[in-house]
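Raw coords31.cif, mmCIF, C-alpha atoms:
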data_data
#
loop_
_atom_site.label_atom_id
_atom_site.label_comp_id
_atom_site.auth_asym_id
_atom_site.auth_seq_id
_atom_site.Cartn_x
_atom_site.Cartn_y
_atom_site.Cartn_z
CA MET A 1 -17.74 -16.07 9.43
CA GLN A 2 -15.84 -15.71 6.19
CA LYS A 3 -14.60 -12.21 5.41
CA ILE A 4 -14.57 -11.04 1.82
CA ILE A 5 -12.24 -8.07 1.40
CA GLY A 6 -11.32 -5.68 -1.37
CA ILE A 7 -8.16 -3.58 -1.11
CA TRP A 8 -7.48 -0.49 -3.20
CA VAL A 9 -3.87 0.58 -2.67
CA ASP A 10 -1.38 3.16 -3.87
CA HIS A 11 1.73 4.54 -2.15
CA LYS A 12 -0.27 7.15 -0.22
CA LYS A 13 -3.09 5.07 1.27
CA ALA A 14 -4.96 1.80 1.28
CA VAL A 15 -8.75 1.53 1.39
CA ILE A 16 -10.03 -1.77 2.78
CA VAL A 17 -13.64 -2.72 2.06
CA THR A 18 -15.12 -5.64 4.00
CA LEU A 19 -18.28 -7.38 2.77
CA ASN A 20 -20.57 -9.61 4.80
CA GLN A 21 -21.84 -12.97 3.53
CA ALA A 22 -24.87 -11.33 1.90
CA GLY A 23 -22.54 -9.22 -0.26
CA GLU A 24 -23.30 -5.94 1.49
CA THR A 25 -20.67 -3.47 2.63
CA LYS A 26 -19.86 -4.14 6.27
CA SER A 27 -17.05 -1.64 6.78
CA ILE A 28 -14.66 0.68 4.96
CA ARG A 29 -11.28 1.40 6.52
CA GLU A 30 -8.50 3.67 5.31
CA ILE A 31 -4.84 3.24 6.22
CA LEU A 32 -2.45 6.10 5.42
CA SER A 33 1.16 5.34 4.55
CA ASP A 34 2.92 8.43 5.97
CA LEU A 35 5.73 8.02 3.45
CA GLU A 36 8.42 10.67 3.19
CA ARG A 37 9.28 10.66 -0.49
CA HIS A 38 11.81 13.49 -0.48
CA VAL A 39 13.86 12.72 2.58
CA ARG A 40 16.45 15.37 3.46
CA LEU A 41 19.32 13.98 5.43
CA SER A 42 21.84 16.18 7.18
CA GLY A 43 25.13 16.98 5.52
CA GLY A 44 26.24 18.57 2.29
CA SER A 45 26.73 22.09 3.66
CA ARG A 46 29.73 24.35 3.03
CA THR A 47 31.57 26.54 5.47
CA LYS A 48 33.06 30.01 5.03
CA ARG A 49 36.58 28.66 5.35
CA THR A 50 36.33 26.14 2.56
CA PRO A 51 33.52 27.27 0.27
CA TRP A 52 34.53 24.86 -2.46
CA GLY A 53 36.03 22.22 -0.20
CA PRO A 54 34.88 18.70 0.54
CA GLN A 55 31.23 18.13 1.31
CA GLN A 56 29.43 15.49 3.25
CA ILE A 57 27.01 14.01 0.75
CA SER A 58 24.52 11.45 1.93
CA SER A 59 24.12 8.63 -0.54
CA ASP A 60 20.98 7.98 -2.53
CA ASN A 61 21.05 4.37 -1.37
CA LYS A 62 20.47 5.42 2.21
CA MET A 63 17.45 7.53 1.25
CA GLU A 64 16.05 4.76 -0.94
CA ALA A 65 16.51 2.20 1.85
CA ARG A 66 14.64 4.44 4.26
CA TYR A 67 11.79 4.85 1.76
CA ARG A 68 11.60 1.07 1.19
CA GLN A 69 11.53 0.46 4.94
CA GLN A 70 8.62 2.89 5.38
CA LEU A 71 6.81 1.27 2.46
CA SER A 72 7.33 -2.21 3.91
CA ARG A 73 5.96 -1.03 7.27
CA PHE A 74 2.88 0.35 5.48
CA TYR A 75 2.29 -2.95 3.66
CA GLN A 76 2.66 -4.89 6.92
CA ASN A 77 -0.03 -2.69 8.50
CA VAL A 78 -2.35 -3.48 5.59
CA ILE A 79 -1.62 -7.21 5.84
CA GLU A 80 -2.34 -7.17 9.58
CA ALA A 81 -5.69 -5.48 8.91
CA VAL A 82 -6.77 -8.23 6.48
CA ALA A 83 -5.10 -11.23 8.13
CA ASP A 84 -8.38 -13.11 8.73
CA ALA A 85 -9.75 -12.70 5.19
CA TYR A 86 -11.33 -15.57 3.29
CA LYS A 87 -11.11 -13.95 -0.16
CA ILE A 88 -9.24 -10.83 -1.26
CA VAL A 89 -9.34 -8.76 -4.43
CA LEU A 90 -6.43 -6.36 -4.82
CA MET A 91 -6.71 -3.26 -7.01
CA GLY A 92 -5.10 0.08 -7.60
CA PRO A 93 -3.03 2.19 -9.97
CA GLY A 94 0.71 1.78 -10.46
CA GLU A 95 3.08 -0.64 -8.80
CA ALA A 96 1.75 -0.52 -5.23
CA LYS A 97 -0.62 -3.46 -5.74
CA VAL A 98 2.21 -5.60 -7.13
CA GLU A 99 4.50 -4.69 -4.22
CA LEU A 100 1.71 -5.48 -1.73
CA LYS A 101 1.11 -8.83 -3.43
CA LYS A 102 4.81 -9.68 -3.04
CA GLU A 103 4.57 -8.90 0.68
CA MET A 104 1.39 -11.02 0.91
CA ASP A 105 3.13 -13.93 -0.81
CA LYS A 106 5.68 -13.99 2.00
CA SER A 107 2.84 -14.74 4.43
CA LYS A 108 1.56 -18.25 3.66
CA VAL A 109 -1.81 -17.74 5.37
CA ILE A 110 -2.77 -14.57 3.52
CA SER A 111 -1.33 -15.59 0.13
CA GLU A 112 -3.90 -18.38 -0.16
CA SER A 113 -6.79 -15.91 0.14
CA LEU A 114 -5.73 -13.65 -2.72
CA VAL A 115 -8.25 -14.19 -5.48
CA PHE A 116 -7.57 -11.56 -8.11
CA MET A 117 -5.50 -8.48 -8.82
CA GLU A 118 -6.72 -5.80 -11.21
CA PRO A 119 -5.55 -2.36 -12.31
CA CYS A 120 -7.88 0.59 -11.80
CA ASP A 121 -7.67 4.36 -11.46
CA LYS A 122 -8.24 6.47 -8.38
CA MET A 123 -11.72 5.98 -6.96
CA THR A 124 -13.80 7.21 -4.05
CA GLN A 125 -14.56 4.88 -1.17
CA ARG A 126 -18.09 4.27 -2.47
CA GLN A 127 -16.80 3.42 -5.93
CA ILE A 128 -14.31 0.98 -4.41
CA ALA A 129 -17.07 -0.67 -2.35
CA ALA A 130 -19.29 -0.97 -5.46
CA ARG A 131 -16.43 -2.50 -7.47
CA VAL A 132 -15.76 -5.09 -4.76
CA ARG A 133 -19.48 -5.93 -4.49
CA ASP A 134 -19.68 -6.37 -8.28
CA PHE A 135 -16.60 -8.56 -8.30
CA PHE A 136 -17.94 -10.97 -5.68
CA ALA A 137 -21.60 -10.79 -6.76
CA PRO A 138 -23.10 -14.18 -7.61
CA LEU A 139 -23.71 -14.70 -11.31
CA PRO A 140 -27.39 -14.98 -12.31
#
Give the structure from the file, written as structure tokens.
Amino acid sequence: MQKIIGIWVDHKKAVIVTLNQAGETKSIREILSDLERHVRLSGGSRTKRTPWGPQQISSDNKMEARYRQQLSRFYQNVIEAVADAYKIVLMGPGEAKVELKKEMDKSKVISESLVFMEPCDKMTQRQIAARVRDFFAPLP
């Protein structure tokens, strides 16, 4: 059976809509990213002895690397959920869909199934399912 899948993604969650061969909604699944955007790392405190002395400042690169690692893990979870897809439409606001496409391109099996990528605003799960059905609906 060939799975037709639509993915709506932003940095907070991904909604995966699976259609059956008749073009009806088979399932809707949501994957949360659990990203920590404002990561506080230890360090940077002052003591009574040296109130204006040296501080331990954690670098921004370390926080950004941690954020990118969490984001990559999220995208890998989404790719695993749609690994057996025949056709995929990718949609969402912002840069998340582009980043997910780059991760999909690394996987040769899934990159061949990507049909189209389109920008769209935030939508409910039913609106996402309707958009995917309309996209893959046969033309009269």
>> as a PyMOL selection string, please: the residues near segment 16-22 of chain A (cut-off 7 Å, only C-alpha atoms, same-chain neighbours under 5 positions excluded).
In response: chain A and resi 3-8+27-30+129
>> Take the PyMOL selection byres ((chain A and resi 13) around 8), run it mentally on this structure, and tell me the resulting residues as JSON, numbers by chain.
In response: {"A": [9, 10, 11, 12, 14, 15, 30, 31, 32, 33]}
>> the PyMOL selection byres ((chain A and resi 93-104) around 12) - which residues does that actually catch in the file I just gave you? List them as a PyMOL selection string.
In response: chain A and resi 6-15+33+68+71-80+82-83+88-92+105-123
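Distances to Phe135 of chain A were evaluated for A:Tyr86, A:Tyr67, A:Ala81, A:Gly23 using only C-alpha atoms, and the minimum falls at A:Gly23.
Note that atom CA of Leu35 of chain A and atom CA of Lys62 of chain A are 15.0 Å apart.
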> If you measure from atom CA of Ala130 of chain A to atom CA of Asp84 of chain A, what distance in Å do you get, rounded to one decimal?
Replying inline: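 Here the two named atoms are 21.6 Å from each other.
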> Nearest to Gln125 of chain A among A:Thr25, A:Ala85, A:Ala65, A:Ala137, with distances taken over only C-alpha atoms: which residue is it?
Replying inline: A:Thr25
> If you measure from atom CA of Gln127 of chain A to atom CA of Asp34 of chain A, what distance in Å do you get, rounded to one decimal?
Replying inline: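 So the answer is 23.6 Å.
Of the residues under consideration (A:Gln2, A:Glu24, A:Glu36, A:Phe136), A:Glu36 shows the shortest atom-to-atom contact distance to Glu64 of chain A when counting only C-alpha atoms.
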